[in-house]
Structure formats: structure tokens, C-alpha cells
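Novice: Dropping in data_16.cif, which is mmCIF, C-alpha atoms:
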```
data_my_file
#
loop_
_atom_site.label_atom_id
_atom_site.label_comp_id
_atom_site.auth_asym_id
_atom_site.auth_seq_id
_atom_site.Cartn_x
_atom_site.Cartn_y
_atom_site.Cartn_z
CA MET A 1 18.59 11.79 -41.47
CA ALA A 2 18.36 12.08 -37.70
CA GLU A 3 20.78 10.02 -35.61
CA HIS A 4 19.42 8.28 -32.53
CA LYS A 5 21.50 6.75 -29.77
CA ILE A 6 20.23 3.68 -27.95
CA VAL A 7 21.78 2.64 -24.65
CA VAL A 8 22.32 -1.14 -24.66
CA LEU A 9 22.35 -2.89 -21.28
CA ASP A 10 24.11 -6.21 -21.81
CA GLY A 11 23.10 -9.05 -19.51
CA ASP A 12 23.47 -12.68 -18.56
CA GLN A 13 23.07 -16.15 -20.04
CA THR A 14 20.25 -16.62 -22.56
CA GLY A 15 19.12 -13.07 -21.84
CA GLN A 16 22.27 -11.77 -23.53
CA GLU A 17 21.97 -14.21 -26.43
CA LEU A 18 18.44 -12.97 -27.14
CA LEU A 19 19.45 -9.32 -26.81
CA LEU A 20 22.02 -9.88 -29.55
CA GLU A 21 19.29 -11.37 -31.75
CA GLY A 22 17.14 -8.29 -31.18
CA LEU A 23 20.06 -6.01 -32.06
CA ARG A 24 20.59 -7.89 -35.31
CA VAL A 25 17.09 -6.80 -36.36
CA LEU A 26 17.85 -3.20 -35.35
CA ASP A 27 21.00 -3.06 -37.47
CA PRO A 28 20.91 0.13 -39.59
CA SER A 29 21.48 -1.93 -42.74
CA VAL A 30 18.23 -3.80 -41.99
CA ILE A 31 15.90 -0.99 -40.96
CA ARG A 32 17.54 1.75 -43.05
CA MET A 33 17.85 4.36 -40.36
CA ASP A 34 20.81 5.71 -38.44
CA LEU A 35 20.97 4.13 -35.00
CA LYS A 36 24.00 4.23 -32.73
CA PHE A 37 24.43 1.89 -29.78
CA GLU A 38 26.23 2.63 -26.51
CA HIS A 39 26.90 -0.57 -24.52
CA TYR A 40 27.06 -1.09 -20.75
CA ASP A 41 28.09 -4.45 -19.32
CA LEU A 42 25.46 -5.40 -16.73
CA THR A 43 26.56 -9.01 -16.38
CA LEU A 44 26.58 -10.26 -12.81
CA GLU A 45 30.38 -10.52 -12.94
CA ASN A 46 30.80 -6.87 -13.94
CA ARG A 47 28.16 -5.60 -11.53
CA ARG A 48 30.10 -7.28 -8.74
CA ALA A 49 33.43 -5.99 -10.03
CA THR A 50 32.16 -2.40 -10.21
CA LYS A 51 29.97 -2.64 -7.08
CA ASN A 52 26.97 -1.70 -9.27
CA GLN A 53 28.65 1.46 -10.58
CA VAL A 54 28.06 0.23 -14.15
CA VAL A 55 24.31 0.15 -13.41
CA HIS A 56 24.40 3.77 -12.26
CA ASP A 57 26.41 4.70 -15.37
CA ALA A 58 23.85 2.99 -17.62
CA ALA A 59 21.01 4.86 -15.92
CA THR A 60 22.82 8.16 -16.42
CA ALA A 61 23.30 7.36 -20.11
CA MET A 62 19.60 6.56 -20.53
CA LYS A 63 18.63 9.84 -18.91
CA LYS A 64 20.92 11.60 -21.37
CA HIS A 65 19.79 9.82 -24.53
CA GLY A 66 16.22 8.88 -23.56
CA PHE A 67 16.24 5.29 -24.82
CA GLY A 68 17.56 1.95 -23.65
CA ILE A 69 17.23 -1.74 -24.45
CA LYS A 70 18.11 -4.27 -21.78
CA ALA A 71 18.94 -7.97 -21.62
CA ALA A 72 17.69 -10.14 -18.79
CA THR A 73 20.13 -10.19 -15.86
CA ILE A 74 20.81 -12.53 -12.94
CA THR A 75 19.62 -11.41 -9.52
CA PRO A 76 21.75 -13.22 -6.93
CA ASP A 77 19.97 -14.53 -3.85
CA ILE A 78 22.93 -13.93 -1.54
CA ALA A 79 22.36 -11.34 1.18
CA GLY A 80 24.61 -8.32 0.71
CA ASP A 81 25.33 -9.12 -2.94
CA VAL A 82 24.72 -6.65 -5.77
CA GLY A 83 21.01 -7.49 -5.98
CA SER A 84 18.83 -6.68 -8.97
CA PRO A 85 19.88 -3.89 -11.34
CA ASN A 86 16.22 -3.29 -12.18
CA ALA A 87 15.46 -1.53 -8.91
CA ILE A 88 18.43 0.81 -9.37
CA LEU A 89 17.53 1.57 -12.98
CA ARG A 90 13.87 2.27 -12.19
CA GLU A 91 14.77 4.59 -9.34
CA GLU A 92 17.47 6.53 -11.16
CA ILE A 93 15.56 7.15 -14.37
CA ASP A 94 12.43 7.87 -12.30
CA GLY A 95 10.59 5.03 -14.04
CA THR A 96 7.01 4.91 -12.83
CA VAL A 97 5.16 2.71 -15.34
CA ILE A 98 5.77 -0.76 -16.77
CA VAL A 99 3.51 -1.84 -19.63
CA ARG A 100 3.27 -5.36 -21.02
CA THR A 101 0.78 -6.31 -23.72
CA GLY A 102 -0.41 -9.81 -24.42
CA ARG A 103 -1.61 -10.27 -27.97
CA ARG A 104 -2.75 -13.21 -30.06
CA LEU A 105 0.05 -14.78 -32.06
CA PRO A 106 -1.15 -15.90 -35.52
CA GLY A 107 -1.89 -19.60 -35.63
CA VAL A 108 -1.04 -20.14 -31.95
CA MET A 109 -3.81 -21.46 -29.72
CA THR A 110 -4.76 -19.18 -26.84
CA VAL A 111 -6.16 -20.09 -23.42
CA GLY A 112 -9.92 -19.87 -22.95
CA GLY A 113 -10.60 -18.37 -26.35
CA VAL A 114 -8.71 -15.15 -25.65
CA SER A 115 -8.73 -13.13 -28.86
CA ALA A 116 -8.24 -9.45 -28.03
CA PRO A 117 -5.06 -7.83 -26.66
CA MET A 118 -4.63 -7.11 -22.96
CA SER A 119 -2.16 -4.58 -21.57
CA VAL A 120 -1.11 -4.59 -17.94
CA VAL A 121 -0.03 -1.09 -16.86
CA ARG A 122 1.77 -1.49 -13.56
CA MET A 123 3.54 0.70 -11.05
CA ALA A 124 7.29 0.29 -11.50
CA VAL A 125 8.22 1.42 -7.99
CA ASP A 126 7.05 1.30 -4.36
CA ASP A 127 4.35 -1.02 -2.98
CA ALA A 128 5.52 -4.45 -1.76
CA TYR A 129 8.88 -4.18 -3.56
CA GLY A 130 9.95 -1.09 -1.66
CA ALA A 131 8.74 -2.34 1.70
CA LYS A 132 10.65 -2.44 4.95
CA GLU A 133 10.33 -5.85 6.65
CA TRP A 134 11.23 -7.13 10.10
CA ARG A 135 10.26 -9.72 12.71
CA GLU A 136 9.70 -9.56 16.44
CA GLY A 137 9.24 -12.27 19.05
CA THR A 138 10.02 -15.97 18.98
CA GLY A 139 8.28 -19.29 18.45
CA TYR A 140 4.55 -19.25 17.75
CA ASP A 141 4.41 -15.67 18.94
CA GLU A 142 6.92 -14.43 16.36
CA ILE A 143 5.37 -11.71 14.22
CA ALA A 144 6.52 -10.55 10.78
CA TYR A 145 5.90 -6.92 9.84
CA ARG A 146 6.06 -5.05 6.57
CA THR A 147 5.56 -1.38 5.80
CA GLU A 148 4.63 -0.48 2.23
CA HIS A 149 4.00 2.85 0.61
CA ILE A 150 2.83 4.37 -2.64
CA ASN A 151 2.67 8.04 -3.58
CA ARG A 152 0.00 9.99 -5.37
CA GLY A 153 2.33 11.07 -8.14
CA THR A 154 3.04 7.47 -9.17
CA CYS A 155 -0.64 6.58 -8.88
CA ARG A 156 -1.48 9.48 -11.18
CA MET A 157 1.17 8.51 -13.75
CA VAL A 158 -0.09 4.92 -13.92
CA ALA A 159 -3.73 5.97 -14.15
CA GLU A 160 -3.02 8.67 -16.75
CA PHE A 161 -0.95 6.37 -18.94
CA ALA A 162 -3.53 3.58 -18.65
CA PHE A 163 -6.23 5.80 -20.11
CA GLN A 164 -3.89 7.21 -22.78
CA HIS A 165 -2.94 3.67 -23.77
CA ALA A 166 -6.57 2.53 -23.82
CA GLN A 167 -7.45 5.46 -26.05
CA LYS A 168 -4.79 4.37 -28.58
CA MET A 169 -5.86 0.71 -28.40
CA ASN A 170 -9.60 1.50 -28.50
CA ALA A 171 -9.72 -0.54 -25.33
CA LYS A 172 -11.52 -0.53 -22.01
CA VAL A 173 -9.73 0.36 -18.77
CA PHE A 174 -10.55 -2.59 -16.57
CA GLY A 175 -9.75 -3.69 -13.03
CA GLY A 176 -8.17 -1.89 -10.11
CA PRO A 177 -7.02 -2.25 -6.49
CA LYS A 178 -8.74 -3.77 -3.47
CA TYR A 179 -9.84 -0.37 -2.20
CA THR A 180 -12.72 -1.77 -0.15
CA VAL A 181 -10.28 -3.53 2.19
CA SER A 182 -7.61 -0.82 1.95
CA PRO A 183 -9.47 2.50 1.49
CA VAL A 184 -6.48 4.64 2.51
CA TYR A 185 -3.57 2.86 0.81
CA GLU A 186 -5.17 1.27 -2.26
CA GLY A 187 -7.95 3.84 -2.21
CA MET A 188 -5.44 6.48 -3.31
CA PHE A 189 -4.86 4.57 -6.54
CA LYS A 190 -8.61 4.17 -7.09
CA GLU A 191 -9.07 7.95 -6.66
CA GLU A 192 -6.53 8.61 -9.41
CA MET A 193 -8.15 6.05 -11.71
CA ASP A 194 -11.53 7.71 -11.22
CA ALA A 195 -10.02 11.14 -11.87
CA ALA A 196 -8.34 9.95 -15.08
CA SER A 197 -11.67 8.47 -16.18
CA LYS A 198 -13.27 11.89 -15.99
CA LYS A 199 -10.41 13.43 -17.97
CA PHE A 200 -10.67 10.75 -20.68
CA GLY A 201 -14.44 10.63 -20.84
CA ALA A 202 -14.56 8.84 -24.19
CA VAL A 203 -12.56 5.86 -22.87
CA ARG A 204 -14.65 3.01 -21.49
CA TYR A 205 -13.99 2.33 -17.81
CA GLU A 206 -14.99 -0.71 -15.79
CA PRO A 207 -13.39 -0.61 -12.32
CA GLN A 208 -13.14 -3.94 -10.53
CA LEU A 209 -11.50 -5.14 -7.34
CA ILE A 210 -8.29 -7.06 -7.99
CA ASP A 211 -9.79 -10.45 -7.10
CA ALA A 212 -12.73 -9.84 -9.45
CA THR A 213 -10.24 -8.72 -12.10
CA TYR A 214 -8.60 -12.14 -12.03
CA ALA A 215 -11.95 -13.91 -12.00
CA LEU A 216 -13.34 -11.96 -14.96
CA LEU A 217 -10.32 -11.89 -17.28
CA LEU A 218 -11.47 -14.77 -19.48
CA ALA A 219 -15.05 -13.51 -19.46
CA ARG A 220 -13.79 -10.23 -20.97
CA ALA A 221 -11.36 -11.97 -23.32
CA SER A 222 -13.08 -10.88 -26.53
CA GLU A 223 -12.51 -7.13 -26.02
CA PRO A 224 -9.24 -5.17 -25.71
CA LEU A 225 -8.40 -4.39 -22.09
CA VAL A 226 -5.96 -2.13 -20.28
CA ILE A 227 -5.48 -3.14 -16.66
CA PRO A 228 -3.85 -0.59 -14.31
CA ALA A 229 -2.33 -2.21 -11.24
CA LEU A 230 -0.22 -1.76 -8.15
CA ASN A 231 3.35 -3.00 -8.42
CA ARG A 232 2.96 -6.55 -7.10
CA ASP A 233 -0.55 -7.04 -8.50
CA GLY A 234 0.76 -6.00 -11.91
CA ASP A 235 3.75 -8.33 -11.65
CA CYS A 236 1.44 -11.31 -11.07
CA LEU A 237 -1.12 -10.20 -13.65
CA SER A 238 1.54 -9.76 -16.34
CA ASP A 239 2.74 -13.35 -16.13
CA LEU A 240 -0.83 -14.67 -16.15
CA VAL A 241 -1.98 -12.49 -19.05
CA LEU A 242 1.04 -13.20 -21.25
CA ALA A 243 0.60 -16.93 -20.72
CA PHE A 244 -2.92 -16.69 -22.17
CA TYR A 245 -1.37 -16.10 -25.59
CA GLY A 246 0.87 -19.15 -25.75
CA SER A 247 4.25 -17.92 -24.49
CA ILE A 248 5.65 -15.34 -22.10
CA ALA A 249 8.19 -14.72 -24.87
CA GLY A 250 5.45 -13.26 -27.06
CA SER A 251 5.49 -9.75 -25.66
CA GLU A 252 7.83 -6.88 -24.93
CA SER A 253 8.12 -5.05 -21.60
CA ILE A 254 8.44 -1.27 -21.53
CA LEU A 255 9.60 0.88 -18.58
CA LEU A 256 8.64 4.55 -18.83
CA SER A 257 9.42 7.75 -17.00
CA PHE A 258 7.45 10.91 -17.75
CA ASP A 259 7.86 14.67 -17.68
CA GLU A 260 5.41 17.07 -16.07
CA ASN A 261 3.20 16.92 -19.17
CA PHE A 262 2.93 13.11 -19.01
CA GLU A 263 5.17 12.77 -22.07
CA PRO A 264 7.70 9.90 -22.04
CA LYS A 265 11.09 11.13 -20.87
CA VAL A 266 13.03 7.84 -20.76
CA VAL A 267 11.96 4.57 -22.40
CA MET A 268 13.66 1.26 -21.63
CA ALA A 269 12.58 -1.86 -23.50
CA GLU A 270 13.27 -5.45 -22.51
CA ALA A 271 11.83 -8.95 -22.62
CA PRO A 272 9.56 -9.93 -19.70
CA HIS A 273 11.25 -13.29 -19.18
CA GLY A 274 14.43 -14.10 -17.27
CA THR A 275 17.88 -15.39 -18.18
CA ALA A 276 16.75 -19.02 -18.84
CA PRO A 277 20.08 -20.67 -17.96
CA ALA A 278 18.82 -24.09 -19.05
CA LEU A 279 18.54 -22.79 -22.64
CA GLN A 280 21.91 -21.05 -22.80
CA GLY A 281 24.01 -22.00 -25.79
CA LYS A 282 21.36 -24.30 -27.29
CA ASN A 283 20.02 -21.89 -29.94
CA ILE A 284 16.41 -22.86 -29.18
CA ALA A 285 15.08 -19.93 -27.11
CA ASN A 286 12.40 -17.69 -28.59
CA PRO A 287 13.80 -14.23 -29.52
CA LEU A 288 10.35 -12.78 -30.26
CA ALA A 289 10.01 -10.74 -27.07
CA MET A 290 13.42 -9.16 -27.55
CA ILE A 291 12.69 -8.42 -31.20
CA LEU A 292 9.38 -6.80 -30.25
CA ALA A 293 11.14 -4.83 -27.51
CA GLY A 294 13.27 -3.21 -30.19
CA ALA A 295 10.24 -2.53 -32.39
CA SER A 296 8.38 -0.94 -29.49
CA LEU A 297 11.36 1.24 -28.60
CA LEU A 298 11.47 2.58 -32.16
CA SER A 299 7.83 3.62 -31.90
CA PHE A 300 8.77 6.20 -29.25
CA LEU A 301 11.49 7.92 -31.33
CA LYS A 302 9.14 10.38 -33.08
CA ASP A 303 10.90 9.88 -36.40
CA PRO A 304 9.05 8.71 -39.55
CA ALA A 305 11.87 6.30 -40.35
CA ALA A 306 11.65 4.81 -36.87
CA THR A 307 7.87 4.50 -37.11
CA ARG A 308 8.24 2.71 -40.44
CA ALA A 309 10.91 0.39 -39.07
CA SER A 310 8.82 -0.39 -36.00
CA ARG A 311 5.84 -1.35 -38.13
CA ALA A 312 8.02 -3.46 -40.43
CA ILE A 313 9.46 -5.42 -37.49
CA TYR A 314 6.07 -6.07 -35.88
CA GLU A 315 4.56 -7.22 -39.17
CA ALA A 316 7.58 -9.34 -40.11
CA ALA A 317 7.65 -11.12 -36.75
CA PHE A 318 3.95 -11.96 -36.75
CA GLU A 319 3.96 -12.95 -40.42
CA ALA A 320 6.83 -15.33 -39.75
CA ILE A 321 4.85 -16.99 -36.97
CA ASN A 322 1.76 -17.12 -39.17
CA ASP A 323 3.79 -18.87 -41.87
CA GLY A 324 4.91 -21.52 -39.41
CA VAL A 325 8.37 -20.18 -38.59
CA ARG A 326 8.23 -20.81 -34.85
CA THR A 327 10.54 -21.84 -32.05
CA ALA A 328 9.90 -24.86 -29.85
CA ASP A 329 7.86 -22.99 -27.21
CA LEU A 330 5.33 -22.24 -29.95
CA MET A 331 5.33 -25.87 -31.13
CA GLY A 332 7.69 -25.14 -34.01
CA HIS A 333 11.12 -26.31 -35.13
CA ALA A 334 12.97 -23.06 -35.94
CA THR A 335 16.13 -22.29 -34.03
CA THR A 336 16.69 -18.91 -32.40
CA THR A 337 18.87 -17.68 -35.25
CA GLU A 338 16.60 -19.13 -37.95
CA PHE A 339 13.64 -17.21 -36.59
CA THR A 340 15.65 -13.98 -36.44
CA ASP A 341 17.06 -14.53 -39.94
CA ASN A 342 13.53 -14.94 -41.28
CA VAL A 343 12.35 -11.76 -39.57
CA ILE A 344 15.34 -9.82 -40.92
CA HIS A 345 14.64 -11.03 -44.46
CA ARG A 346 11.04 -9.90 -44.21
CA VAL A 347 11.94 -6.52 -42.68
CA ARG A 348 14.44 -5.81 -45.46
CA ASN A 349 11.83 -6.61 -48.10
CA LYS A 350 9.16 -4.45 -46.49
CA VAL A 351 11.41 -1.43 -46.08
CA GLU A 352 12.71 -1.81 -49.64
CA VAL A 353 9.18 -2.00 -51.11
CA TRP A 354 7.84 0.86 -49.00
CA GLU A 355 10.77 3.07 -50.00
CA ALA A 356 10.24 2.21 -53.66
CA MET A 357 6.58 3.18 -53.31
CA GLY A 358 7.49 6.44 -51.57
CA GLN A 359 5.80 5.39 -48.34
CA SER A 360 7.14 6.77 -45.08
#
```
What does the file become when written as C-alpha cells?
Specialist:
Amino acid sequence: MAEHKIVVLDGDQTGQELLLEGLRVLDPSVIRMDLKFEHYDLTLENRRATKNQVVHDAATAMKKHGFGIKAATITPDIAGDVGSPNAILREEIDGTVIVRTGRRLPGVMTVGGVSAPMSVVRMAVDDAYGAKEWREGTGYDEIAYRTEHINRGTCRMVAEFAFQHAQKMNAKVFGGPKYTVSPVYEGMFKEEMDAASKKFGAVRYEPQLIDATYALLLARASEPLVIPALNRDGDCLSDLVLAFYGSIAGSESILLSFDENFEPKVVMAEAPHGTAPALQGKNIANPLAMILAGASLLSFLKDPAATRASRAIYEAAFEAINDGVRTADLMGHATTTEFTDNVIHRVRNKVEVWEAMGQS
């Protein structure tokens, strides 16, 4: 049996509590495969104490082992403080794509009749988040400036993965940048989308400007969509799309870096939500996103046992919700640990039955 090592990036507040719930589901005794975990303490306290060295160490470990799972972390708003670890991690593992998929949760009412899944495939680097900003002048004449950049390599990775992902989902690639207003900057991304469309000729492609993308989302809600986006556009779209399905805690977030053949080189899974300090210690937060993050990570391991475990976790989580085992954000009464316990029970049963039947 192959051994796989997962780098665990411990975090802050409710983010850490939910990470621990996700790790309970990934326990080898539950999923019946050999996983090892290597922990790095990315709490705000330790990032300050190590001057972010622990973040660099965690990135190095992920590059070595290829897989990581991360808790939500606090980003301090004090100038000169340690900042967000996410930017460091993305840069050091050469992460170029973030994918978040909204999907209908059984028995949970969606917004506007949304029924099909939507994946937002977003640039993980550059654009507004890597911009240099400054101001000149005073009073009413004061001017704020910002310089942004994107590179063709990142544009190509996002476009390529979007079409690969749409092919797997039997989905349409939909949306795009505002290239009519920004033909040089955003036009580069549109060029790569068009080129990927020719390469993946069987994948449906409906390019739209970003404003039209927002306007048409609900009108296209009955068909699976993959939406490639610039970094900030994708950040905004992700929160909107996930909210369509009842809770931002209903989806995992995956950061990917790729080799020269567009194969995933490093995969880091996390929940898309933050540290939720108001929920800390109350045992009421929804662990679903963190549980799904673990399931998604397993799907990249290229091991039949991992594929089986991933499927078992996805099915168990959604069956639990369908049977009414839900946390308060989904209008239920289950505690955090009760939901996880129920998922673990279902995963154990599935794996046991599948093994007895000789299914891989």
C-alpha cells in the first residue's frame, strides 16, 4: 500500500477547529489508506514569532510532498506586520490557479433556482493583488495610482485548466474579462481563452464580458458552468457563486501549481471561508467545506484507495445533509462534531462494504 504524506498548515480560531474536523475524516482508520501528516504551525502568533519563516518552511514541504491542507488564518491589518500567509504560499509553490465549485446541497434551497454546479477558475497571483499603489498631490487634486500586471504563462494555465475542468464536468466554459475596455491587459487573457477553446474543440465555449457574466449567471443556472477569471474578478465571483447554493461553507477551495505539461505539481486544499472568530469554541460552525477539501485533495493522489476514499467522503457528506444532518447555517440543529461524526460513520460503512464487494 502506497504511503502519502500530506502537509498540514494549522491556523487560527474556528479555522483551526474545522481543520481538525476535516483531519478526523482523513484518519487512516476511517478511510483505510496510509496517510501521514506533517504539521506546520501557521497561527498568527507563530508567524510573528518566526517572522514568517514557518510559512516558507510549509511551502518548501508542500513542494517536496506535493499535497497540503490548510486551515483559515488571520491576516492582521497592521502595516508592517506579517501579512497574509496565502500570498507567500502561492508565490513559493508557484500556484497559478484557484478553483472553487458551487454545487447544490441536497434538500437545501438555492438562490434563483440554481441547479447545476458552477466552478470559478481564478488566477491565484498577480492582477490587483500584486499591484503597486501610491498617491500624489494633496486635497481635491490628490491622485491615487495603481500598476497591475498579469503574465501570459498564468493566463495560459488558467485558460487551459478551465477547459480541462469543463471537459471533466461536461460543462460550458462561460464568461471572461472586460477585454473591450482593456484590450492589452485583459485582452491577453481573452487570447489565451480563445486559444484553449481551439485546443479543446469539443468543450462548449460562451465568452462574455465580466459584467455580462454577472448579469447572466442566474439565466444560465440550469447548466454546468466553468468560469475562468482574473484574480480579483474570480475572488468576487467565488463568494457570489458559492452563496447561490445556501452556504459559503458548502465548497472546498483548491490551489494548484502545474508542470510544463499542465499536470498538477502541488495541490493545496482549504475552505473558502475565514477564521470566523465569533463562532470559535461554540461547536456550531459548518465543517463541510473542510471535509470536502480533504476529499478533493485525495482525488489528486492517483491511487485507487485515495480515489475510493474521496468518493466515499463526498457521498457521505451529501447523504448526511440529505438526511437532515445539518448545521445551523443550513437551517439544521447538528453541532460541528455531530455532523463530522455522522460523516465518519457513513464513510466507514461505505469503505467496508466496497471492500467486501471487491470494489476499488
Novice: List the neighbours of A:Gly175 out to 12 Å using all atoms listed in the file; skip same-chain residues closer than 6 positions along the sequence, and give me the result as number ranges by chain.
Specialist: A: 118-122, 159, 162, 189-190, 193-194, 204-217, 220, 225-230, 233-234, 237
Novice: Which residues, protein or nucleic acid, reach to within 10 Å of (24.1, -3.5, -10.9) in the file's coordinates when using only C-alpha atoms, and can you give that as an MDAnalysis selection string?
Specialist: chainID A and resid 41:58 73:75 81:89
Novice: Please produce a file of those selected residues containing C-alpha atoms, as a PDB file, keeping the file's coordinate frame.
Specialist:
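Saved to result-v7.pdb:
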```
ATOM      1  CA  ASP A  41      28.090  -4.450 -19.320  1.00  0.00           C
ATOM      2  CA  LEU A  42      25.460  -5.400 -16.730  1.00  0.00           C
ATOM      3  CA  THR A  43      26.560  -9.010 -16.380  1.00  0.00           C
ATOM      4  CA  LEU A  44      26.580 -10.260 -12.810  1.00  0.00           C
ATOM      5  CA  GLU A  45      30.380 -10.520 -12.940  1.00  0.00           C
ATOM      6  CA  ASN A  46      30.800  -6.870 -13.940  1.00  0.00           C
ATOM      7  CA  ARG A  47      28.160  -5.600 -11.530  1.00  0.00           C
ATOM      8  CA  ARG A  48      30.100  -7.280  -8.740  1.00  0.00           C
ATOM      9  CA  ALA A  49      33.430  -5.990 -10.030  1.00  0.00           C
ATOM     10  CA  THR A  50      32.160  -2.400 -10.210  1.00  0.00           C
ATOM     11  CA  LYS A  51      29.970  -2.640  -7.080  1.00  0.00           C
ATOM     12  CA  ASN A  52      26.970  -1.700  -9.270  1.00  0.00           C
ATOM     13  CA  GLN A  53      28.650   1.460 -10.580  1.00  0.00           C
ATOM     14  CA  VAL A  54      28.060   0.230 -14.150  1.00  0.00           C
ATOM     15  CA  VAL A  55      24.310   0.150 -13.410  1.00  0.00           C
ATOM     16  CA  HIS A  56      24.400   3.770 -12.260  1.00  0.00           C
ATOM     17  CA  ASP A  57      26.410   4.700 -15.370  1.00  0.00           C
ATOM     18  CA  ALA A  58      23.850   2.990 -17.620  1.00  0.00           C
ATOM     19  CA  THR A  73      20.130 -10.190 -15.860  1.00  0.00           C
ATOM     20  CA  ILE A  74      20.810 -12.530 -12.940  1.00  0.00           C
ATOM     21  CA  THR A  75      19.620 -11.410  -9.520  1.00  0.00           C
ATOM     22  CA  ASP A  81      25.330  -9.120  -2.940  1.00  0.00           C
ATOM     23  CA  VAL A  82      24.720  -6.650  -5.770  1.00  0.00           C
ATOM     24  CA  GLY A  83      21.010  -7.490  -5.980  1.00  0.00           C
ATOM     25  CA  SER A  84      18.830  -6.680  -8.970  1.00  0.00           C
ATOM     26  CA  PRO A  85      19.880  -3.890 -11.340  1.00  0.00           C
ATOM     27  CA  ASN A  86      16.220  -3.290 -12.180  1.00  0.00           C
ATOM     28  CA  ALA A  87      15.460  -1.530  -8.910  1.00  0.00           C
ATOM     29  CA  ILE A  88      18.430   0.810  -9.370  1.00  0.00           C
ATOM     30  CA  LEU A  89      17.530   1.570 -12.980  1.00  0.00           C
TER      31      LEU A  89
END
```
Novice: So how many Å separate atom CA of A:Glu315 and atom CA of A:Ser257, to one decimal?
Specialist: 27.2 Å
Novice: Atom CA of A:Ala306 and atom CA of A:Gln167, how far apart in Å?
Specialist: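 Taking atom CA of A:Gln167 and atom CA of A:Ala306, their separation equals 22.0 Å.
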Novice: Once the PyMOL selection byres ((chain A and resi 271) around 8) has been applied to the shown file, what residues remain in the selection, as JSON, numbers by chain?
Specialist: {"A": [70, 71, 72, 249, 251, 252, 253, 269, 270, 272, 273, 274, 289, 290, 293]}
Novice: Exactly which residues make up the result of the PyMOL selection byres ((chain A and resi 130) around 12) on this file, given as a VMD selection string?
Specialist: chain A and resid 87 to 88 90 to 91 123 to 129 131 to 133 146 to 151 231 to 232
Novice: Between atom CA of A:His345 and atom CA of A:Ala320, what is the distance in Å, rounded to a tenth?
Specialist: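 Result for atom CA of A:His345 versus atom CA of A:Ala320: 10.1 Å, one decimal.
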Novice: Determine, counting all atoms listed in the file, which protein, DNA and RNA residues have an atom within 7 Å of an atom of A:Ala221; residues of the same chain fewer than 2 positions away are not included. Present the result as a VMD selection string.
Specialist: chain A and resid 114 to 116 217 to 219 223
Novice: Which one is closest to A:Lys64: A:Lys265, A:Tyr140, A:Tyr145, A:Ser222? Count only C-alpha atoms.
Specialist: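 Residue with the minimum atom-to-atom distance to A:Lys64: A:Lys265.
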Novice: Identify the residues within 6 Å of coordinate (15.5, -1.5, -44.5) (same frame as the file), considering all atoms listed in the file, and give the answer as a VMD selection string.
Specialist: chain A and resid 30 to 32 348 351 to 352
Novice: Determine the nearest neighbour of A:Phe67 from the options A:Gly324, A:Thr154, A:Leu297, A:Arg104, counting all atoms listed in the file.
Specialist: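 The answer is A:Leu297, which sits nearest to A:Phe67.
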